[in-house]
Structures are given as C-alpha cells and as structure tokens.
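Next up, data-v3.pdb (PDB, N, CA and C atoms):
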ATOM      1  N   MET A   1       0.542  -8.211   4.971
ATOM      2  CA  MET A   1       1.586  -7.749   4.092
ATOM      3  C   MET A   1       1.084  -7.556   2.658
ATOM      4  N   ALA A   2      -0.174  -7.249   2.548
ATOM      5  CA  ALA A   2      -0.780  -7.125   1.225
ATOM      6  C   ALA A   2      -0.100  -6.067   0.367
ATOM      7  N   LEU A   3       0.384  -5.009   0.989
ATOM      8  CA  LEU A   3       0.996  -3.925   0.207
ATOM      9  C   LEU A   3       2.513  -4.006   0.172
ATOM     10  N   ALA A   4       3.080  -5.115   0.633
ATOM     11  CA  ALA A   4       4.532  -5.273   0.625
ATOM     12  C   ALA A   4       5.073  -5.462  -0.788
ATOM     13  N   ASP A   5       4.275  -5.990  -1.672
ATOM     14  CA  ASP A   5       4.722  -6.275  -3.032
ATOM     15  C   ASP A   5       4.479  -5.064  -3.941
ATOM     16  N   PRO A   6       5.495  -4.663  -4.716
ATOM     17  CA  PRO A   6       5.325  -3.504  -5.613
ATOM     18  C   PRO A   6       4.213  -3.689  -6.647
ATOM     19  N   ALA A   7       4.024  -4.908  -7.129
ATOM     20  CA  ALA A   7       2.954  -5.148  -8.113
ATOM     21  C   ALA A   7       1.592  -4.877  -7.489
ATOM     22  N   ARG A   8       1.396  -5.288  -6.245
ATOM     23  CA  ARG A   8       0.113  -5.047  -5.593
ATOM     24  C   ARG A   8      -0.101  -3.560  -5.341
ATOM     25  N   ARG A   9       0.967  -2.852  -5.019
ATOM     26  CA  ARG A   9       0.828  -1.395  -4.846
ATOM     27  C   ARG A   9       0.453  -0.748  -6.171
ATOM     28  N   GLN A  10       1.028  -1.218  -7.272
ATOM     29  CA  GLN A  10       0.673  -0.665  -8.583
ATOM     30  C   GLN A  10      -0.782  -0.984  -8.937
ATOM     31  N   ILE A  11      -1.231  -2.162  -8.559
ATOM     32  CA  ILE A  11      -2.634  -2.526  -8.800
ATOM     33  C   ILE A  11      -3.551  -1.573  -8.030
ATOM     34  N   ILE A  12      -3.211  -1.279  -6.785
ATOM     35  CA  ILE A  12      -4.010  -0.333  -5.978
ATOM     36  C   ILE A  12      -4.021   1.038  -6.651
ATOM     37  N   VAL A  13      -2.863   1.490  -7.129
ATOM     38  CA  VAL A  13      -2.793   2.793  -7.814
ATOM     39  C   VAL A  13      -3.710   2.788  -9.030
ATOM     40  N   ARG A  14      -3.669   1.729  -9.817
ATOM     41  CA  ARG A  14      -4.521   1.655 -11.012
ATOM     42  C   ARG A  14      -5.994   1.661 -10.625
ATOM     43  N   LEU A  15      -6.352   0.897  -9.581
ATOM     44  CA  LEU A  15      -7.755   0.829  -9.163
ATOM     45  C   LEU A  15      -8.243   2.132  -8.547
ATOM     46  N   SER A  16      -7.333   2.974  -8.115
ATOM     47  CA  SER A  16      -7.748   4.274  -7.573
ATOM     48  C   SER A  16      -8.369   5.144  -8.661
ATOM     49  N   ARG A  17      -8.117   4.799  -9.914
ATOM     50  CA  ARG A  17      -8.706   5.541 -11.041
ATOM     51  C   ARG A  17     -10.028   4.937 -11.499
ATOM     52  N   GLY A  18     -10.398   3.782 -10.934
ATOM     53  CA  GLY A  18     -11.657   3.139 -11.304
ATOM     54  C   GLY A  18     -11.489   1.644 -11.422
ATOM     55  N   PRO A  19     -12.616   0.925 -11.515
ATOM     56  CA  PRO A  19     -12.559  -0.540 -11.584
ATOM     57  C   PRO A  19     -11.853  -1.015 -12.851
ATOM     58  N   ALA A  20     -11.347  -2.247 -12.780
ATOM     59  CA  ALA A  20     -10.635  -2.814 -13.923
ATOM     60  C   ALA A  20     -10.750  -4.330 -13.881
ATOM     61  N   THR A  21     -10.597  -4.945 -15.031
ATOM     62  CA  THR A  21     -10.582  -6.403 -15.118
ATOM     63  C   THR A  21      -9.149  -6.896 -14.905
ATOM     64  N   VAL A  22      -9.009  -8.195 -14.731
ATOM     65  CA  VAL A  22      -7.670  -8.775 -14.593
ATOM     66  C   VAL A  22      -6.846  -8.470 -15.834
ATOM     67  N   ASN A  23      -7.468  -8.553 -17.015
ATOM     68  CA  ASN A  23      -6.746  -8.229 -18.253
ATOM     69  C   ASN A  23      -6.226  -6.798 -18.225
ATOM     70  N   ASP A  24      -7.069  -5.862 -17.789
ATOM     71  CA  ASP A  24      -6.645  -4.462 -17.692
ATOM     72  C   ASP A  24      -5.475  -4.322 -16.719
ATOM     73  N   LEU A  25      -5.591  -4.995 -15.579
ATOM     74  CA  LEU A  25      -4.574  -4.870 -14.543
ATOM     75  C   LEU A  25      -3.265  -5.550 -14.933
ATOM     76  N   ALA A  26      -3.349  -6.570 -15.778
ATOM     77  CA  ALA A  26      -2.149  -7.314 -16.179
ATOM     78  C   ALA A  26      -1.320  -6.594 -17.232
ATOM     79  N   GLN A  27      -1.925  -5.657 -17.966
ATOM     80  CA  GLN A  27      -1.234  -5.012 -19.092
ATOM     81  C   GLN A  27       0.139  -4.430 -18.763
ATOM     82  N   PRO A  28       0.293  -3.658 -17.697
ATOM     83  CA  PRO A  28       1.602  -3.032 -17.492
ATOM     84  C   PRO A  28       2.676  -3.976 -16.930
ATOM     85  N   PHE A  29       2.305  -5.202 -16.583
ATOM     86  CA  PHE A  29       3.240  -6.111 -15.931
ATOM     87  C   PHE A  29       3.810  -7.140 -16.902
ATOM     88  N   ASP A  30       4.996  -7.598 -16.597
ATOM     89  CA  ASP A  30       5.627  -8.668 -17.364
ATOM     90  C   ASP A  30       5.460  -9.983 -16.604
ATOM     91  N   ILE A  31       4.229 -10.218 -16.154
ATOM     92  CA  ILE A  31       3.893 -11.456 -15.444
ATOM     93  C   ILE A  31       2.584 -11.985 -16.007
ATOM     94  N   SER A  32       2.280 -13.238 -15.721
ATOM     95  CA  SER A  32       1.074 -13.857 -16.275
ATOM     96  C   SER A  32      -0.189 -13.294 -15.631
ATOM     97  N   LYS A  33      -1.305 -13.507 -16.324
ATOM     98  CA  LYS A  33      -2.595 -13.104 -15.768
ATOM     99  C   LYS A  33      -2.897 -13.896 -14.495
ATOM    100  N   GLN A  34      -2.421 -15.131 -14.446
ATOM    101  CA  GLN A  34      -2.623 -15.946 -13.245
ATOM    102  C   GLN A  34      -1.882 -15.326 -12.060
ATOM    103  N   ALA A  35      -0.681 -14.798 -12.288
ATOM    104  CA  ALA A  35       0.072 -14.152 -11.214
ATOM    105  C   ALA A  35      -0.655 -12.887 -10.752
ATOM    106  N   VAL A  36      -1.199 -12.130 -11.696
ATOM    107  CA  VAL A  36      -1.975 -10.934 -11.340
ATOM    108  C   VAL A  36      -3.203 -11.342 -10.537
ATOM    109  N   SER A  37      -3.850 -12.422 -10.931
ATOM    110  CA  SER A  37      -5.016 -12.919 -10.186
ATOM    111  C   SER A  37      -4.640 -13.283  -8.756
ATOM    112  N   LYS A  38      -3.471 -13.873  -8.573
ATOM    113  CA  LYS A  38      -3.027 -14.210  -7.215
ATOM    114  C   LYS A  38      -2.781 -12.946  -6.393
ATOM    115  N   HIS A  39      -2.211 -11.915  -7.026
ATOM    116  CA  HIS A  39      -2.022 -10.637  -6.333
ATOM    117  C   HIS A  39      -3.378 -10.059  -5.918
ATOM    118  N   ILE A  40      -4.348 -10.154  -6.814
ATOM    119  CA  ILE A  40      -5.695  -9.651  -6.515
ATOM    120  C   ILE A  40      -6.299 -10.431  -5.356
ATOM    121  N   GLN A  41      -6.078 -11.736  -5.315
ATOM    122  CA  GLN A  41      -6.594 -12.554  -4.210
ATOM    123  C   GLN A  41      -6.010 -12.104  -2.875
ATOM    124  N   VAL A  42      -4.727 -11.782  -2.863
ATOM    125  CA  VAL A  42      -4.095 -11.299  -1.628
ATOM    126  C   VAL A  42      -4.743  -9.984  -1.195
ATOM    127  N   LEU A  43      -4.943  -9.076  -2.156
ATOM    128  CA  LEU A  43      -5.575  -7.785  -1.856
ATOM    129  C   LEU A  43      -7.023  -7.984  -1.408
ATOM    130  N   GLU A  44      -7.694  -8.930  -2.021
ATOM    131  CA  GLU A  44      -9.089  -9.219  -1.667
ATOM    132  C   GLU A  44      -9.162  -9.798  -0.248
ATOM    133  N   HIS A  45      -8.247 -10.693   0.081
ATOM    134  CA  HIS A  45      -8.208 -11.285   1.419
ATOM    135  C   HIS A  45      -7.953 -10.209   2.485
ATOM    136  N   ALA A  46      -7.169  -9.189   2.129
ATOM    137  CA  ALA A  46      -6.887  -8.081   3.056
ATOM    138  C   ALA A  46      -8.034  -7.080   3.109
ATOM    139  N   GLY A  47      -9.036  -7.261   2.247
ATOM    140  CA  GLY A  47     -10.183  -6.355   2.241
ATOM    141  C   GLY A  47      -9.939  -5.062   1.480
ATOM    142  N   LEU A  48      -8.844  -4.993   0.729
ATOM    143  CA  LEU A  48      -8.514  -3.761   0.004
ATOM    144  C   LEU A  48      -9.215  -3.659  -1.340
ATOM    145  N   VAL A  49      -9.627  -4.804  -1.905
ATOM    146  CA  VAL A  49     -10.362  -4.803  -3.171
ATOM    147  C   VAL A  49     -11.515  -5.794  -3.076
ATOM    148  N   THR A  50     -12.467  -5.604  -3.967
ATOM    149  CA  THR A  50     -13.586  -6.537  -4.102
ATOM    150  C   THR A  50     -13.776  -6.845  -5.577
ATOM    151  N   ARG A  51     -14.438  -7.968  -5.835
ATOM    152  CA  ARG A  51     -14.749  -8.341  -7.222
ATOM    153  C   ARG A  51     -16.239  -8.602  -7.327
ATOM    154  N   THR A  52     -16.777  -8.271  -8.478
ATOM    155  CA  THR A  52     -18.179  -8.575  -8.768
ATOM    156  C   THR A  52     -18.243  -9.288 -10.104
ATOM    157  N   ARG A  53     -19.408  -9.811 -10.405
ATOM    158  CA  ARG A  53     -19.590 -10.457 -11.706
ATOM    159  C   ARG A  53     -20.523  -9.581 -12.536
ATOM    160  N   ASP A  54     -20.065  -9.250 -13.728
ATOM    161  CA  ASP A  54     -20.845  -8.443 -14.667
ATOM    162  C   ASP A  54     -20.860  -9.210 -15.984
ATOM    163  N   ALA A  55     -21.838 -10.093 -16.146
ATOM    164  CA  ALA A  55     -21.919 -11.005 -17.294
ATOM    165  C   ALA A  55     -20.649 -11.862 -17.299
ATOM    166  N   GLN A  56     -19.838 -11.756 -18.334
ATOM    167  CA  GLN A  56     -18.603 -12.545 -18.428
ATOM    168  C   GLN A  56     -17.420 -11.864 -17.749
ATOM    169  N   ARG A  57     -17.600 -10.623 -17.395
ATOM    170  CA  ARG A  57     -16.501  -9.855 -16.765
ATOM    171  C   ARG A  57     -16.560  -9.975 -15.255
ATOM    172  N   ARG A  58     -15.389  -9.871 -14.619
ATOM    173  CA  ARG A  58     -15.314  -9.832 -13.152
ATOM    174  C   ARG A  58     -14.475  -8.627 -12.757
ATOM    175  N   PRO A  59     -15.073  -7.438 -12.803
ATOM    176  CA  PRO A  59     -14.293  -6.241 -12.465
ATOM    177  C   PRO A  59     -13.815  -6.258 -11.016
ATOM    178  N   VAL A  60     -12.669  -5.635 -10.819
ATOM    179  CA  VAL A  60     -12.071  -5.501  -9.495
ATOM    180  C   VAL A  60     -12.240  -4.046  -9.080
ATOM    181  N   TYR A  61     -12.665  -3.833  -7.839
ATOM    182  CA  TYR A  61     -12.898  -2.489  -7.314
ATOM    183  C   TYR A  61     -12.024  -2.258  -6.090
ATOM    184  N   LEU A  62     -11.554  -1.053  -5.948
ATOM    185  CA  LEU A  62     -10.837  -0.646  -4.753
ATOM    186  C   LEU A  62     -11.836  -0.445  -3.623
ATOM    187  N   ASN A  63     -11.469  -0.858  -2.420
ATOM    188  CA  ASN A  63     -12.295  -0.620  -1.240
ATOM    189  C   ASN A  63     -11.679   0.572  -0.504
ATOM    190  N   PRO A  64     -12.110   1.803  -0.833
ATOM    191  CA  PRO A  64     -11.445   2.984  -0.280
ATOM    192  C   PRO A  64     -11.552   3.096   1.239
ATOM    193  N   GLN A  65     -12.642   2.606   1.826
ATOM    194  CA  GLN A  65     -12.780   2.688   3.281
ATOM    195  C   GLN A  65     -11.694   1.862   3.974
ATOM    196  N   ARG A  66     -11.439   0.690   3.464
ATOM    197  CA  ARG A  66     -10.406  -0.182   4.057
ATOM    198  C   ARG A  66      -9.022   0.441   3.863
ATOM    199  N   LEU A  67      -8.794   1.028   2.699
ATOM    200  CA  LEU A  67      -7.508   1.673   2.430
ATOM    201  C   LEU A  67      -7.315   2.875   3.347
ATOM    202  N   GLU A  68      -8.369   3.639   3.581
ATOM    203  CA  GLU A  68      -8.292   4.782   4.498
ATOM    204  C   GLU A  68      -8.011   4.326   5.920
ATOM    205  N   ALA A  69      -8.623   3.232   6.341
ATOM    206  CA  ALA A  69      -8.381   2.705   7.688
ATOM    207  C   ALA A  69      -6.930   2.258   7.828
ATOM    208  N   LEU A  70      -6.412   1.617   6.798
ATOM    209  CA  LEU A  70      -5.018   1.180   6.807
ATOM    210  C   LEU A  70      -4.077   2.376   6.841
ATOM    211  N   THR A  71      -4.377   3.395   6.071
ATOM    212  CA  THR A  71      -3.560   4.609   6.041
ATOM    213  C   THR A  71      -3.561   5.298   7.405
ATOM    214  N   ALA A  72      -4.710   5.363   8.043
ATOM    215  CA  ALA A  72      -4.799   5.984   9.369
ATOM    216  C   ALA A  72      -3.961   5.207  10.375
ATOM    217  N   TRP A  73      -3.991   3.893  10.302
ATOM    218  CA  TRP A  73      -3.208   3.055  11.208
ATOM    219  C   TRP A  73      -1.711   3.291  10.987
ATOM    220  N   ILE A  74      -1.305   3.348   9.725
ATOM    221  CA  ILE A  74       0.103   3.602   9.398
ATOM    222  C   ILE A  74       0.525   4.986   9.889
ATOM    223  N   ASP A  75      -0.337   5.970   9.726
ATOM    224  CA  ASP A  75      -0.021   7.340  10.157
ATOM    225  C   ASP A  75       0.250   7.429  11.648
ATOM    226  N   GLN A  76      -0.459   6.643  12.447
ATOM    227  CA  GLN A  76      -0.219   6.650  13.893
ATOM    228  C   GLN A  76       1.235   6.289  14.189
ATOM    229  N   TYR A  77       1.719   5.250  13.540
ATOM    230  CA  TYR A  77       3.086   4.804  13.772
ATOM    231  C   TYR A  77       4.096   5.757  13.153
ATOM    232  N   ARG A  78       3.748   6.331  12.022
ATOM    233  CA  ARG A  78       4.643   7.290  11.376
ATOM    234  C   ARG A  78       4.865   8.489  12.286
ATOM    235  N   LEU A  79       3.804   8.989  12.896
ATOM    236  CA  LEU A  79       3.922  10.149  13.783
ATOM    237  C   LEU A  79       4.770   9.836  15.009
ATOM    238  N   VAL A  80       4.597   8.643  15.566
ATOM    239  CA  VAL A  80       5.405   8.241  16.724
ATOM    240  C   VAL A  80       6.873   8.196  16.337
ATOM    241  N   HIS A  81       7.176   7.587  15.213
ATOM    242  CA  HIS A  81       8.571   7.461  14.789
ATOM    243  C   HIS A  81       9.167   8.809  14.406
ATOM    244  N   GLU A  82       8.385   9.664  13.782
ATOM    245  CA  GLU A  82       8.889  11.003  13.466
ATOM    246  C   GLU A  82       9.260  11.747  14.744
ATOM    247  N   SER A  83       8.448  11.624  15.774
ATOM    248  CA  SER A  83       8.728  12.261  17.053
ATOM    249  C   SER A  83      10.018  11.703  17.655
ATOM    250  N   GLN A  84      10.189  10.408  17.576
ATOM    251  CA  GLN A  84      11.409   9.790  18.102
ATOM    252  C   GLN A  84      12.643  10.258  17.326
ATOM    253  N   PHE A  85      12.521  10.377  16.016
ATOM    254  CA  PHE A  85      13.648  10.859  15.214
ATOM    255  C   PHE A  85      13.977  12.318  15.536
ATOM    256  N   ARG A  86      12.958  13.131  15.765
ATOM    257  CA  ARG A  86      13.208  14.525  16.155
ATOM    258  C   ARG A  86      13.956  14.583  17.483
ATOM    259  N   SER A  87      13.562  13.736  18.426
ATOM    260  CA  SER A  87      14.246  13.678  19.721
ATOM    261  C   SER A  87      15.691  13.226  19.542
ATOM    262  N   LEU A  88      15.904  12.237  18.704
ATOM    263  CA  LEU A  88      17.258  11.769  18.435
ATOM    264  C   LEU A  88      18.091  12.867  17.785
ATOM    265  N   ASP A  89      17.510  13.613  16.859
ATOM    266  CA  ASP A  89      18.213  14.738  16.228
ATOM    267  C   ASP A  89      18.671  15.748  17.271
ATOM    268  N   GLU A  90      17.795  16.038  18.223
ATOM    269  CA  GLU A  90      18.143  16.995  19.273
ATOM    270  C   GLU A  90      19.298  16.488  20.130
ATOM    271  N   VAL A  91      19.278  15.219  20.473
ATOM    272  CA  VAL A  91      20.361  14.628  21.260
ATOM    273  C   VAL A  91      21.673  14.707  20.482
ATOM    274  N   LEU A  92      21.636  14.351  19.214
ATOM    275  CA  LEU A  92      22.856  14.384  18.392
ATOM    276  C   LEU A  92      23.382  15.809  18.229
ATOM    277  N   LYS A  93      22.482  16.768  18.065
ATOM    278  CA  LYS A  93      22.907  18.171  17.951
ATOM    279  C   LYS A  93      23.569  18.642  19.235
ATOM    280  N   SER A  94      22.981  18.282  20.376
ATOM    281  CA  SER A  94      23.560  18.719  21.658
ATOM    282  C   SER A  94      24.912  18.057  21.894
ATOM    283  N   GLN A  95      25.065  16.786  21.504
ATOM    284  CA  GLN A  95      26.356  16.112  21.649
ATOM    285  C   GLN A  95      27.397  16.737  20.732
ATOM    286  N   SER A  96      26.986  17.073  19.533
ATOM    287  CA  SER A  96      27.896  17.696  18.573
ATOM    288  C   SER A  96      28.329  19.073  19.088
ATOM    289  N   ALA A  97      27.390  19.819  19.634
ATOM    290  CA  ALA A  97      27.707  21.139  20.189
ATOM    291  C   ALA A  97      28.648  21.006  21.377
ATOM    292  N   ALA A  98      28.423  20.004  22.213
ATOM    293  CA  ALA A  98      29.279  19.797  23.396
ATOM    294  C   ALA A  98      30.701  19.424  22.967
ATOM    295  N   ARG A  99      30.853  18.645  21.928
ATOM    296  CA  ARG A  99      32.169  18.287  21.409
ATOM    297  C   ARG A  99      32.895  19.489  20.851
ATOM    298  N   GLY A 100      32.146  20.384  20.233
ATOM    299  CA  GLY A 100      32.736  21.586  19.637
ATOM    300  C   GLY A 100      33.294  22.532  20.684
ATOM    301  N   LYS A 101      32.781  22.468  21.901
ATOM    302  CA  LYS A 101      33.231  23.373  22.970
ATOM    303  C   LYS A 101      34.537  22.871  23.593
ATOM    304  N   HIS A 102      34.856  21.622  23.457
ATOM    305  CA  HIS A 102      36.066  21.075  24.092
ATOM    306  C   HIS A 102      37.260  21.246  23.248
TER     307      HIS A 102
END

Using structure tokens, write down the structure that the file contains.
Amino acid sequence: MALADPARRQIIVRLSRGPATVNDLAQPFDISKQAVSKHIQVLEHAGLVTRTRDAQRRPVYLNPQRLEALTAWIDQYRLVHESQFRSLDEVLKSQSAARGKH
C-alpha cells in the first residue's frame, strides 16, 4: 500500500523530476521532516525509491523500473475491470431497451 497515501504519491511525482533530499521533499507539506522520512521508508521498503549517501546529504532517487513494473501490474487489472464495465453497460442498455418496448 505504498502509494495509498497522497503524500507518498506527491513524493513520487517530485522524484520523477530528479533526486531530492528529505528537506527538499518536505517543503510542500505541512508535516514534519520525520513524517516525510517515514513516508520515504515506506516507499523504500516497496522498492519504489532508493537512498544514497553523498557526503552529508542522503538524496532520494526514484526507482523507475519498479514503478513501471507496478504500473504494468495495475494496468492488467484495469483492463479486466474496464472489460467487465463495458459488458455491464451492454446488459443495462439491452434491459433499458427492452423496458422501452413494453
């Protein structure tokens, strides 16, 4: 459920533009840097981001391969559900048409 939280989704959006520090990532939020760090830990545990050490800085990087794999997995289910909704639409249209004839 790494992407269930809106703050984590915003962090992913920001990292899609390039690496950032916790301070950079915390700027747009009205939460503590510690809370942002916890969000990063959740994303890191899911394999969506990585951190490195650059002297005193610990930049956070997006893991695009993992994000692409997650997107592909989601797309499989989206396509199945879209097909089911199209089938349901057809059933509802035929029922509505049948009611109109009576």

Result set, the PyMOL selection byres ((chain A and resi 15-19) around 6) on current file, as an MDAnalysis selection string: chainID A and resid 10:14 20:21 59:62

Those residues you just picked out, can you put them in a file as a PDB file, keeping the file's coordinate frame with N, CA and C atoms?
ATOM      1  N   GLN A  10       1.028  -1.218  -7.272  1.00  0.00           N
ATOM      2  CA  GLN A  10       0.673  -0.665  -8.583  1.00  0.00           C
ATOM      3  C   GLN A  10      -0.782  -0.984  -8.937  1.00  0.00           C
ATOM      4  N   ILE A  11      -1.231  -2.162  -8.559  1.00  0.00           N
ATOM      5  CA  ILE A  11      -2.634  -2.526  -8.800  1.00  0.00           C
ATOM      6  C   ILE A  11      -3.551  -1.573  -8.030  1.00  0.00           C
ATOM      7  N   ILE A  12      -3.211  -1.279  -6.785  1.00  0.00           N
ATOM      8  CA  ILE A  12      -4.010  -0.333  -5.978  1.00  0.00           C
ATOM      9  C   ILE A  12      -4.021   1.038  -6.651  1.00  0.00           C
ATOM     10  N   VAL A  13      -2.863   1.490  -7.129  1.00  0.00           N
ATOM     11  CA  VAL A  13      -2.793   2.793  -7.814  1.00  0.00           C
ATOM     12  C   VAL A  13      -3.710   2.788  -9.030  1.00  0.00           C
ATOM     13  N   ARG A  14      -3.669   1.729  -9.817  1.00  0.00           N
ATOM     14  CA  ARG A  14      -4.521   1.655 -11.012  1.00  0.00           C
ATOM     15  C   ARG A  14      -5.994   1.661 -10.625  1.00  0.00           C
ATOM     16  N   ALA A  20     -11.347  -2.247 -12.780  1.00  0.00           N
ATOM     17  CA  ALA A  20     -10.635  -2.814 -13.923  1.00  0.00           C
ATOM     18  C   ALA A  20     -10.750  -4.330 -13.881  1.00  0.00           C
ATOM     19  N   THR A  21     -10.597  -4.945 -15.031  1.00  0.00           N
ATOM     20  CA  THR A  21     -10.582  -6.403 -15.118  1.00  0.00           C
ATOM     21  C   THR A  21      -9.149  -6.896 -14.905  1.00  0.00           C
ATOM     22  N   PRO A  59     -15.073  -7.438 -12.803  1.00  0.00           N
ATOM     23  CA  PRO A  59     -14.293  -6.241 -12.465  1.00  0.00           C
ATOM     24  C   PRO A  59     -13.815  -6.258 -11.016  1.00  0.00           C
ATOM     25  N   VAL A  60     -12.669  -5.635 -10.819  1.00  0.00           N
ATOM     26  CA  VAL A  60     -12.071  -5.501  -9.495  1.00  0.00           C
ATOM     27  C   VAL A  60     -12.240  -4.046  -9.080  1.00  0.00           C
ATOM     28  N   TYR A  61     -12.665  -3.833  -7.839  1.00  0.00           N
ATOM     29  CA  TYR A  61     -12.898  -2.489  -7.314  1.00  0.00           C
ATOM     30  C   TYR A  61     -12.024  -2.258  -6.090  1.00  0.00           C
ATOM     31  N   LEU A  62     -11.554  -1.053  -5.948  1.00  0.00           N
ATOM     32  CA  LEU A  62     -10.837  -0.646  -4.753  1.00  0.00           C
ATOM     33  C   LEU A  62     -11.836  -0.445  -3.623  1.00  0.00           C
TER      34      LEU A  62
END

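Atom C of Ala7 in chain A is found 9.9 Å from atom C of Phe29 in chain A.
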
Residue neighbourhood range 31-46 of chain A, 8 Å, only C-alpha atoms, exclusion window fewer than 2 positions, as a PyMOL selection string: chain A and resi 2-3+7-8+22-23+25-26+29+48-51

Residues from last step as file, N, CA and C atoms, as a PDB file, keeping the file's coordinate frame:
ATOM      1  N   ALA A   2      -0.174  -7.249   2.548  1.00  0.00           N
ATOM      2  CA  ALA A   2      -0.780  -7.125   1.225  1.00  0.00           C
ATOM      3  C   ALA A   2      -0.100  -6.067   0.367  1.00  0.00           C
ATOM      4  N   LEU A   3       0.384  -5.009   0.989  1.00  0.00           N
ATOM      5  CA  LEU A   3       0.996  -3.925   0.207  1.00  0.00           C
ATOM      6  C   LEU A   3       2.513  -4.006   0.172  1.00  0.00           C
ATOM      7  N   ALA A   7       4.024  -4.908  -7.129  1.00  0.00           N
ATOM      8  CA  ALA A   7       2.954  -5.148  -8.113  1.00  0.00           C
ATOM      9  C   ALA A   7       1.592  -4.877  -7.489  1.00  0.00           C
ATOM     10  N   ARG A   8       1.396  -5.288  -6.245  1.00  0.00           N
ATOM     11  CA  ARG A   8       0.113  -5.047  -5.593  1.00  0.00           C
ATOM     12  C   ARG A   8      -0.101  -3.560  -5.341  1.00  0.00           C
ATOM     13  N   VAL A  22      -9.009  -8.195 -14.731  1.00  0.00           N
ATOM     14  CA  VAL A  22      -7.670  -8.775 -14.593  1.00  0.00           C
ATOM     15  C   VAL A  22      -6.846  -8.470 -15.834  1.00  0.00           C
ATOM     16  N   ASN A  23      -7.468  -8.553 -17.015  1.00  0.00           N
ATOM     17  CA  ASN A  23      -6.746  -8.229 -18.253  1.00  0.00           C
ATOM     18  C   ASN A  23      -6.226  -6.798 -18.225  1.00  0.00           C
ATOM     19  N   LEU A  25      -5.591  -4.995 -15.579  1.00  0.00           N
ATOM     20  CA  LEU A  25      -4.574  -4.870 -14.543  1.00  0.00           C
ATOM     21  C   LEU A  25      -3.265  -5.550 -14.933  1.00  0.00           C
ATOM     22  N   ALA A  26      -3.349  -6.570 -15.778  1.00  0.00           N
ATOM     23  CA  ALA A  26      -2.149  -7.314 -16.179  1.00  0.00           C
ATOM     24  C   ALA A  26      -1.320  -6.594 -17.232  1.00  0.00           C
ATOM     25  N   PHE A  29       2.305  -5.202 -16.583  1.00  0.00           N
ATOM     26  CA  PHE A  29       3.240  -6.111 -15.931  1.00  0.00           C
ATOM     27  C   PHE A  29       3.810  -7.140 -16.902  1.00  0.00           C
ATOM     28  N   LEU A  48      -8.844  -4.993   0.729  1.00  0.00           N
ATOM     29  CA  LEU A  48      -8.514  -3.761   0.004  1.00  0.00           C
ATOM     30  C   LEU A  48      -9.215  -3.659  -1.340  1.00  0.00           C
ATOM     31  N   VAL A  49      -9.627  -4.804  -1.905  1.00  0.00           N
ATOM     32  CA  VAL A  49     -10.362  -4.803  -3.171  1.00  0.00           C
ATOM     33  C   VAL A  49     -11.515  -5.794  -3.076  1.00  0.00           C
ATOM     34  N   THR A  50     -12.467  -5.604  -3.967  1.00  0.00           N
ATOM     35  CA  THR A  50     -13.586  -6.537  -4.102  1.00  0.00           C
ATOM     36  C   THR A  50     -13.776  -6.845  -5.577  1.00  0.00           C
ATOM     37  N   ARG A  51     -14.438  -7.968  -5.835  1.00  0.00           N
ATOM     38  CA  ARG A  51     -14.749  -8.341  -7.222  1.00  0.00           C
ATOM     39  C   ARG A  51     -16.239  -8.602  -7.327  1.00  0.00           C
TER      40      ARG A  51
END

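For the set A:Asp30, A:Val91, A:Ala97, A:Gly47, the residue with the smallest atom-to-atom gap to Arg66 in chain A is A:Gly47, counting only N, CA and C atoms.
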
Residue set, chain A restricted to strand (DSSP E or B), as a ChimeraX atom specification: /A:20,49-51,54,57,60-62

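Interatomic distance, CA of Tyr77 in chain A to CA of Asp89 in chain A: 18.3 Å.
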
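If you look at CA of Leu70 in chain A and CA of Ala4 in chain A, they are 13.1 Å away from each other.
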
Block slice range 69-77 of chain A, N, CA, C and O atoms, emitted as a CSV table (one decimal), in the first residue's frame:
chain,number,residue,atom,x,y,z
A,69,ALA,N,7.0,-1.6,-13.3
A,69,ALA,CA,6.5,-2.9,-13.1
A,69,ALA,C,5.2,-2.8,-12.3
A,69,ALA,O,4.2,-3.6,-12.6
A,70,LEU,N,5.1,-1.9,-11.4
A,70,LEU,CA,3.9,-1.7,-10.6
A,70,LEU,C,2.8,-1.2,-11.5
A,70,LEU,O,1.6,-1.7,-11.5
A,71,THR,N,3.1,-0.3,-12.4
A,71,THR,CA,2.1,0.3,-13.4
A,71,THR,C,1.6,-0.8,-14.3
A,71,THR,O,0.4,-0.9,-14.6
A,72,ALA,N,2.5,-1.7,-14.8
A,72,ALA,CA,2.1,-2.8,-15.7
A,72,ALA,C,1.1,-3.7,-14.9
A,72,ALA,O,0.1,-4.2,-15.5
A,73,TRP,N,1.4,-4.0,-13.7
A,73,TRP,CA,0.6,-4.9,-12.9
A,73,TRP,C,-0.8,-4.2,-12.7
A,73,TRP,O,-1.8,-4.9,-12.9
A,74,ILE,N,-0.8,-3.0,-12.4
A,74,ILE,CA,-2.1,-2.3,-12.2
A,74,ILE,C,-2.9,-2.2,-13.5
A,74,ILE,O,-4.1,-2.4,-13.6
A,75,ASP,N,-2.2,-2.0,-14.7
A,75,ASP,CA,-2.9,-2.0,-16.0
A,75,ASP,C,-3.6,-3.3,-16.3
A,75,ASP,O,-4.6,-3.3,-16.9
A,76,GLN,N,-3.0,-4.4,-15.9
A,76,GLN,CA,-3.7,-5.7,-16.1
A,76,GLN,C,-5.0,-5.7,-15.5
A,76,GLN,O,-6.0,-6.1,-16.1
A,77,TYR,N,-5.1,-5.3,-14.3
A,77,TYR,CA,-6.4,-5.3,-13.6
A,77,TYR,C,-7.3,-4.2,-14.1
A,77,TYR,O,-8.6,-4.4,-14.2
